[in-house]
Amino acid sequence: MAETAEPLRKTPLHGEHLALGARLVPFAGYEMPVQYETGILGEHLWTRSHAGLFDVSHMGQAALVGPDHETTARALEALVPADILNLKPGQQRYSQLLDEAGGILDDLMVTRPANPLQDGELLLVVNASRKEADYDHIAQRLPPGVELRRFNDRALIALQGPKAETVLARRAPDVAALGFMQAMQTMIAGIPAHVSRSGYTGEDGFELSVPAERAVELWRLLLEDDDAKPVGLGARDSLRLEAGLCLYGHDIDTTTSPVEAGLAWSIQKRRRQEGGFPGAARIQQELKDGPARVRVGLRPEGKAPAREGAPIVAADGREVGRVTSGGFGPSVNGPIAMGYVAREVATPGTGLALTVRGRALPATVVPLPFVPHRYKRG
Amino acid sequence: MAETRYTKDHEYIRIEGDVGVVGITDYAQGQLGDVVYVELPEIGKTVAKGEEAAVVESVKAASEIYAPVSGEVVAINSALEGSPGTVNEDPVGEGWFLKLKIKDKAELEALMTEAQYQDYVRSIS
């Protein structure tokens with residue numbers, strides 16, 4: 001890990017992590033728990049069977065604030081390819097900040113608050129590693145009357161897994177009514193929280209945005225439940241990989257477009273037709289003709305994991321891509337990987353090889369996700 | 001009792017006559033976390049001191065295991081293929097990696113003794 005002159009930042013839950021025996025590592029400028037005493041494997045499996053509690057307060061929380069929904073939505077639509085205009089109150093969408101070439105500057109969650117008093121606001125959650133760059137990018141491109149507000153005084157806690165609803169509803173029964181990608185403002189045992197039904201594990205679950213000074217109270221309250229255990233960034237990464245979800249800077253970056261990344265589902269019909277977002281010409285072309293390369297799932301034979309950077313080789317020995325995320329999938333109980341390959345060899349069932357320590361490991365292209373999503377569909 | 005020597009990279013070598021049993025220490029397995037795969041060398045391979053002899057993979061990352069001394073691989077712990085978690089559960093017992101026929105016992109002198117290794121672990125943790 002590179003030494004940096006900047007001291008590492010701490011989330012409001014840093015003391016809790018220490019008290020829980022977490023192993024702390026530098027991540028995106030923060031000192032974050034990579035695992036607790038249970039360990040990555042156990043924390044991963046616990047999240048798939050019960051409920052994992054994650055501190056994701058390092059992520060960037062902000063709001064765009066304008067005079068009315070249409071004005072704010074159009075301001076954001078100039079930067080992202082999702083349909084923001086037609087978001088209903090209390091609805092959340094996944095999208096990407098794009099550069100002029102249609103490359104991905106960051107991926108983000110956008111929520112239109114349910115409360116009519118917040119008309120004209122859009123809540124954003126961006127990656128920790130990208131937040132300063134994102135905020136500059138967005139702020140420089142806003143029309144008069146729409147401003148970006150950074151919430152540096154809020155914590156973000158994710159509760160993920162099949163028991164997440166049970167655990168949270170014990171404290172806040174109204175959250176059970178939320179469907180996947182819906183959000184509401186509520187009280188959790190007296191703590192004001194903005195709750196969205198979403199996450200980064202492929203499981204049902206919630207993300208809870210609360211004032212920083214109430215974070216410890218909420219964290220402890222949720223951990224009182226026997227079904228909830230703290231889970232670190234190590235398992236967060238293996239969970240999202242099994243769920244086939246992209247990690248910025250690895251599976252997506254400015255060299256990849258949303259269509260190549262398999263994220264075309266996040267570009268709604270109106271935006272595909274109308275364009276009006278950065279890189280629209282390229283993206284519309286890729287939607288029409290298919291991209292030259294696409295992100296695929298890969299299952300190496302045997303037990304050896306193929307890590308990020310491993311060359312992907314076709315049957316004729318030609319390098320057709322690189323692994324962008326790879327490792328061991330605890331629920332799959334074997335190695336899994338994702339990477340970009342030429343469209344000709346992207347069909348599930350295609351036999352490829354991954355070069356690991358000079359040896360070619362046979363691998364098969366498989367559909368994503370590796371583990372079925374279990375979201376709460378309305 | 002067999003003597004055990006240690007490297008700064010947290011490999012151990014337990015000396016049993018002309019043969020050394022090589023693995024990683026309890027401290028090392030704790031740092032690695034859950035081991036999910038171990039790549040072992042072919043029997044008969046010769047390795048020089050400090051050369052890569054095996055690879056151990058946790059959920060998060062791959063780490064090289066270096067030969068503590070030069071020698072020829074005379075046995076490998078094939079049981080790790082099916083149960084890599086043994087490295088976490090019993091690193092200095094059932095979780096050994098390989099056995100080396102030691103080429104030059106003088107090389108052992110440069111390695112840490114048990115007491116020196118314990119001091120070393122205390123100094124870094």
# chains A, B, ... in the order shown; residues from 1 in each chain; ligands from 1
>>> select_by_dssp(residues="region 76-222 of chain A", states="alpha helix (DSSP H)", output="list in words")
Leu76, Glu77, Lys131, Glu132, Ala133, Asp134, Tyr135, Asp136, His137, Ile138, Ala139, Ala164, Glu165, Thr166, Val167, Leu168, Ala169, Arg170, Arg171, Ala215, Val216, Glu217, Leu218, Trp219, Arg220, Leu221 and Leu222 of chain A
>>> write_last_selection(atoms="C-alpha atoms", output="mmCIF file, in the first residue's frame")
data_model
loop_
_atom_site.group_PDB
_atom_site.id
_atom_site.type_symbol
_atom_site.label_atom_id
_atom_site.label_comp_id
_atom_site.auth_asym_id
_atom_site.auth_seq_id
_atom_site.Cartn_x
_atom_site.Cartn_y
_atom_site.Cartn_z
ATOM 1 C CA LEU A 76 -28.359 15.898 -13.949
ATOM 2 C CA GLU A 77 -29.515 14.344 -17.219
ATOM 3 C CA LYS A 131 -16.067 11.993 -4.749
ATOM 4 C CA GLU A 132 -13.833 15.078 -4.999
ATOM 5 C CA ALA A 133 -13.471 14.676 -8.768
ATOM 6 C CA ASP A 134 -17.206 13.993 -9.137
ATOM 7 C CA TYR A 135 -18.218 17.033 -7.100
ATOM 8 C CA ASP A 136 -15.932 19.297 -9.146
ATOM 9 C CA HIS A 137 -17.210 17.778 -12.365
ATOM 10 C CA ILE A 138 -20.849 18.203 -11.395
ATOM 11 C CA ALA A 139 -20.532 21.665 -9.829
ATOM 12 C CA ALA A 164 -32.161 -7.362 6.675
ATOM 13 C CA GLU A 165 -35.865 -6.584 6.499
ATOM 14 C CA THR A 166 -36.602 -8.460 9.725
ATOM 15 C CA VAL A 167 -33.749 -6.748 11.564
ATOM 16 C CA LEU A 168 -34.587 -3.240 10.413
ATOM 17 C CA ALA A 169 -38.372 -3.618 10.652
ATOM 18 C CA ARG A 170 -38.016 -4.519 14.337
ATOM 19 C CA ARG A 171 -36.863 -0.925 14.834
ATOM 20 C CA ALA A 215 -24.269 6.772 13.614
ATOM 21 C CA VAL A 216 -22.754 4.992 16.626
ATOM 22 C CA GLU A 217 -26.166 4.738 18.305
ATOM 23 C CA LEU A 218 -27.741 3.211 15.184
ATOM 24 C CA TRP A 219 -24.802 0.861 14.570
ATOM 25 C CA ARG A 220 -24.953 -0.484 18.139
ATOM 26 C CA LEU A 221 -28.715 -0.787 18.049
ATOM 27 C CA LEU A 222 -28.670 -2.894 14.872
#
>>> interface_residues(of="chain B", to="chain A", cutoff="8 Å", atoms="only C-alpha atoms", output="PyMOL selection string")
chain B and resi 33-34+36-39+57-61
>>> residues_around(residues="region 113-115 of chain A", least_positions_apart="6", cutoff="6 Å", atoms="only C-alpha atoms", output="PDB file with all heavy atoms, in the first residue's frame")
ATOM      1  N   PRO A  89     -41.370  10.220  -6.977  1.00  0.00           N
ATOM      2  CA  PRO A  89     -40.921  10.503  -5.606  1.00  0.00           C
ATOM      3  C   PRO A  89     -40.654   9.187  -4.864  1.00  0.00           C
ATOM      4  O   PRO A  89     -41.444   8.249  -4.944  1.00  0.00           O
ATOM      5  CB  PRO A  89     -42.108  11.266  -4.988  1.00  0.00           C
ATOM      6  CG  PRO A  89     -42.796  11.891  -6.161  1.00  0.00           C
ATOM      7  CD  PRO A  89     -42.660  10.895  -7.281  1.00  0.00           C
ATOM      8  N   GLY A  90     -39.518   9.115  -4.196  1.00  0.00           N
ATOM      9  CA  GLY A  90     -39.170   7.907  -3.459  1.00  0.00           C
ATOM     10  C   GLY A  90     -38.573   6.809  -4.326  1.00  0.00           C
ATOM     11  O   GLY A  90     -38.428   5.683  -3.863  1.00  0.00           O
ATOM     12  N   MET A 184     -37.225   6.208   1.481  1.00  0.00           N
ATOM     13  CA  MET A 184     -38.114   7.002   2.328  1.00  0.00           C
ATOM     14  C   MET A 184     -37.321   7.616   3.470  1.00  0.00           C
ATOM     15  O   MET A 184     -36.264   7.119   3.859  1.00  0.00           O
ATOM     16  CB  MET A 184     -39.225   6.127   2.906  1.00  0.00           C
ATOM     17  CG  MET A 184     -38.718   5.125   3.946  1.00  0.00           C
ATOM     18  SD  MET A 184     -39.926   3.866   4.426  1.00  0.00           S
ATOM     19  CE  MET A 184     -41.221   4.879   5.092  1.00  0.00           C
TER      20      MET A 184
END
>>> atom_distance(atom1="CA of Glu51 (chain B)", atom2="CA of Ser123 (chain B)")
25.4 Å
>>> residues_around(residues="region 104-119 of chain B", least_positions_apart="4", cutoff="12 Å", atoms="only C-alpha atoms", output="ChimeraX atom specification")
/B:2-20,25-27,48-50,67-72,100,123-125
>>> select_by_dssp(residues="region 9-95 of chain B", states="strand (DSSP E)", output="number ranges by chain")
B: 11-16, 19-24, 35-39, 46-47, 52-58, 62-66, 71-76
>>> residues_around(residues="Ala155 (chain A)", least_positions_apart="3", cutoff="12 Å", atoms="only C-alpha atoms", output="VMD selection string")
chain A and resid 10 to 14 54 to 62 125 151 to 152 158 192 to 194 207 to 219
>>> atom_distance(atom1="CA of Ala353 (chain A)", atom2="CA of Ile252 (chain A)")
21.8 Å
>>> closest_residue(among="A:Ala363, A:Val195, A:Val332, A:Ala75", to="Ile312 (chain A)", atoms="only C-alpha atoms")
A:Ala363
>>> residues_around(residues="region 340-352 of chain A", least_positions_apart="6", cutoff="12 Å", atoms="only C-alpha atoms", output="number ranges by chain")
A: 246, 250-252, 255-257, 259-262, 286, 289-301, 308-325, 360-368
